[in-house]
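**Student:** I have a structure I would like to understand better, so I am pasting it below and will then ask my questions one at a time.
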Amino acid sequence: MTDVPKFNKSPWVVHFNCNSCNGCDIEFLACLTPLYDLERFGILHVGNPKHADVLVVTGSVNHRNSRVLKNVYDQMPEPKVVVAMGVCASTGGIFADGYNVLGGVDKVIPVDVFVPGCPARPEAMIDGVLKGAQILEAKHSGKTPLAEKNVITRTPTPVAAPAAQEKGASHA
Amino acid sequence: MIIPQTPLMVVLLVILAPLFGALLCGIDRRITARAQGRIGPPILQAVYDTIKLLRKEPMLLNRVQIVYAYLHLAFMILAMLLLVFGQDSLMFLFVFAFSTLSLVLGGMCVRSPYSRIGSQREIMLMVAYEPILILLMIGFYLVNGHSFMLSAPMTAAKPMLLSLPLLFIGFLVVLAIKMQKSPFDIATSHHAHQEIVKGLTIEYSGPYLAILEIAHFYEMALLFFFIVLFWSSPVWVGIILASLSFFLMTVVDNAFARLTSMWIFKFMWTGALILAVTNVLWLYWASK
């Protein structure tokens, strides 16, 4: 498989807003702008789960949207990864105690990459999608059971600081 | 320039034409990115995308849908070969139209409303551009000494562009429609400008979407070769002409917003059709 271009060359992303305040969504759309330019990694923002490899979810899951989220996830062809974008999608965030909130996305579908932050910075989002893209290749070759270990991408600080280190194991 | 009709040549064309088409798409995406101040994807991104799609899980709604995807590809390859080997231009038009029709039928045979709307819009586009192509072939017939053979302009002394300037402009509009460029990308559209989710191709996924992508690469190569035909002796002028036309399409794509299907219909049946008819009448009277 060394000569075949890998899945991480062209991860197509479908973006699903669960219950988000739109902060993460706007930051994610900012990734498409000339400053961040998602497309240079071959990442495309597609509107159709049937074309997508990576499901990016923003916002916490509640009783109403959990069914829709599961439906979108089920429509994606294998191999697929889920990136929980922002702290609400990761754990439920400040809405975690709400009476209607189930919690993070991992309550409904298996999550591969968590990108915490409120909102997560575009750099962290791109990093999260690219980490997810590396898991795609592992999933295709059957090495990784679905969401056995999660990858956490830390939001980088804007000032010149030592590179953010990863928590948890990487699948690359 | 006449291309020899040997089995080896057929194999070479079938292998190299989609690569060439993919390269054209890659260059288009890179130029678009640069026009927007971005770095843009690698030139071979279209190839990476297609290989990735081929490796994904096959998912289909019904078998008929897949048959139409293969028919779309097969007729596109046949149309490309008919063009390159200089066969009958009317046969070429018919096969080319049937290829697009297969795509429409594939979009129609699923229950997704987006796919249905996309197919209906594709039919609308076909109704809009087919008269221009028919008139182009009539102009072609008048210029090439009453012959419908596509090999005729390859040996002609005078380039076809000089006799068919208005039809060439009309053909450029058809080119924008076939390349799914703004303002004409209403049936389905390219990456990052989604129209009715994904229109025609919404219910195709994984390897079956890759079939449509490969067919699109053949289509790109076919359109490029067709423009070369307008100035085929010497052939390098035709290649420059085709490259400039493709560059123009990228510029137009970036400069225009999408318009409604009825606007496209009106535009094609007034502006483009008047250009085409004027050109044909002028040729007809000049030959009297």
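Ligands are numbered from 1 in the order shown, chains are lettered A, B, ... in the order of the structure tokens, and residues start at 1 in each chain.
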Find the spatial neighbours of stretch 86-95 of chain B, counting only C-alpha atoms, within a cut-off of 10 Å - ignore same-chain residues fewer than 6 positions away - and output them as a PyMOL selection string.
**Tutor:** chain B and resi 2-3+5+72+74-80+101+130+133-134+137-138+140-141+147-154+229
**Student:** Can you list, as a list in words, every protein, DNA or RNA residue that comes within 12 Å of B:Ser112 when you count only C-alpha atoms, leaving out same-chain residues fewer than 2 positions away?
**Tutor:** Leu61, Gly106, Gly107, Met108, Cys109, Val110, Tyr114, Ser115, Arg116, Ile117, Gly118, Ser119, Ile196, Val197, Lys198, Gly199, Leu200, Thr201, Ile202, Glu203 and Tyr204 of chain B
**Student:** Tell me the residues of chain B close to chain A, meaning within 6 Å using only C-alpha atoms, as a ChimeraX atom specification.
**Tutor:** /B:37-38,40-41,49,52,57,192,197,205
**Student:** Would you pick out the contacts of B:Leu71 at 9 Å or less, using only C-alpha atoms, so that residues sharing its chain but fewer than 4 positions from it are not included, and give the list as JSON, numbers by chain?
**Tutor:** {"B": [66, 67, 75, 76, 98, 99, 102, 103]}
**Student:** Please, could you write that set of residues out with N, CA and C atoms as an mmCIF file, in the first residue's frame?
**Tutor:**
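Output below, filename again_4.cif:
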```cif
data_model
loop_
_atom_site.group_PDB
_atom_site.id
_atom_site.type_symbol
_atom_site.label_atom_id
_atom_site.label_comp_id
_atom_site.auth_asym_id
_atom_site.auth_seq_id
_atom_site.Cartn_x
_atom_site.Cartn_y
_atom_site.Cartn_z
ATOM 1 N N ILE B 66 -26.253 2.131 -10.932
ATOM 2 C CA ILE B 66 -24.855 1.816 -11.230
ATOM 3 C C ILE B 66 -24.687 1.532 -12.717
ATOM 4 N N VAL B 67 -25.692 0.858 -13.300
ATOM 5 C CA VAL B 67 -25.639 0.587 -14.744
ATOM 6 C C VAL B 67 -25.529 1.908 -15.499
ATOM 7 N N PHE B 75 -20.092 5.627 -22.785
ATOM 8 C CA PHE B 75 -20.428 6.485 -23.927
ATOM 9 C C PHE B 75 -19.502 7.691 -23.997
ATOM 10 N N MET B 76 -19.018 8.150 -22.840
ATOM 11 C CA MET B 76 -18.077 9.272 -22.857
ATOM 12 C C MET B 76 -16.753 8.847 -23.502
ATOM 13 N N PHE B 98 -25.998 11.018 -25.454
ATOM 14 C CA PHE B 98 -26.503 9.856 -24.740
ATOM 15 C C PHE B 98 -25.740 9.637 -23.446
ATOM 16 N N SER B 99 -24.471 10.001 -23.461
ATOM 17 C CA SER B 99 -23.679 9.896 -22.238
ATOM 18 C C SER B 99 -24.270 10.774 -21.146
ATOM 19 N N SER B 102 -27.505 9.355 -19.866
ATOM 20 C CA SER B 102 -27.326 8.267 -18.897
ATOM 21 C C SER B 102 -27.153 8.831 -17.499
ATOM 22 N N LEU B 103 -26.394 9.930 -17.430
ATOM 23 C CA LEU B 103 -26.186 10.580 -16.136
ATOM 24 C C LEU B 103 -27.522 11.064 -15.571
#
```
**Student:** Find the spatial neighbours of B:Arg30, counting only C-alpha atoms, within a cut-off of 9 Å - ignore same-chain residues fewer than 2 positions away - and output them as a PyMOL selection string.
**Tutor:** chain B and resi 25-28+32-35+38-43
**Student:** Generate the output file for the selected residues, C-alpha atoms, as a PDB file, in the first residue's frame.
**Tutor:**
```pdb
ATOM      1  CA  CYS B  25      -9.093  19.759 -13.269  1.00  0.00           C
ATOM      2  CA  GLY B  26      -6.100  20.008 -10.912  1.00  0.00           C
ATOM      3  CA  ILE B  27      -4.708  23.037 -12.723  1.00  0.00           C
ATOM      4  CA  ASP B  28      -8.183  24.603 -12.661  1.00  0.00           C
ATOM      5  CA  THR B  32      -8.955  29.146  -8.657  1.00  0.00           C
ATOM      6  CA  ALA B  33      -7.128  28.932  -5.326  1.00  0.00           C
ATOM      7  CA  ARG B  34      -4.472  31.412  -6.470  1.00  0.00           C
ATOM      8  CA  ALA B  35      -7.154  33.792  -7.725  1.00  0.00           C
ATOM      9  CA  ARG B  38      -4.965  30.661  -1.368  1.00  0.00           C
ATOM     10  CA  ILE B  39      -2.205  28.134  -1.896  1.00  0.00           C
ATOM     11  CA  GLY B  40      -4.536  25.485  -3.248  1.00  0.00           C
ATOM     12  CA  PRO B  41      -4.357  21.706  -3.554  1.00  0.00           C
ATOM     13  CA  PRO B  42      -1.628  19.768  -5.398  1.00  0.00           C
ATOM     14  CA  ILE B  43      -2.016  19.557  -9.186  1.00  0.00           C
TER      15      ILE B  43
END
```
**Student:** Expressed in Å to a single decimal, how great is the separation between atom CA of A:Asp112 and atom CA of A:Gly132?
**Tutor:**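 It comes out at 6.7 Å.
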**Student:** Mind listing the alpha helix (DSSP H) residues of stretch 52-277 of chain B, per DSSP on the backbone, as a ChimeraX atom specification?
**Tutor:** /B:52-55,63-84,89-108,113-143,152-155,160-163,165-178,207-229,235-255,261-267,273-277
**Student:** Rounded to one decimal, what separation in Å do you get between atom CA of A:Lys107 and atom CA of A:Phe28?
**Tutor:** 22.5 Å
**Student:** Just want the 8 Å neighbourhood of stretch 65-70 of chain A, counted on only C-alpha atoms, with same-chain residues fewer than 3 positions away dropped. Output as a VMD selection string.
**Tutor:** chain A and resid 16 18 to 19 61 to 62 73 to 74 108 to 109
**Student:** Quick one: residues within 12 Å of B:Val10, only C-alpha atoms counted, chain neighbours fewer than 3 positions away excluded, as a ChimeraX atom specification?
**Tutor:** /B:3-7,13-17,77-78,80-82,84-85
**Student:** Quick one, how far is atom CA of A:Ser20 from atom CA of A:Gln134?
**Tutor:** 26.3 Å
**Student:** What lies within 10 Å of stretch 155-164 of chain B using only C-alpha atoms, ignoring chain neighbours under 6 positions off, as a ChimeraX atom specification?
**Tutor:** /B:1-2,136,139-140,142-145,170,227-234,237-238,241,276,279-280,282-283
**Student:** Rank A:Val115, A:Gly23, A:Ser60, A:His15 by their smallest atom-to-atom distance to A:Asn100, using only C-alpha atoms, and report the top residue only.
**Tutor:** A:Ser60
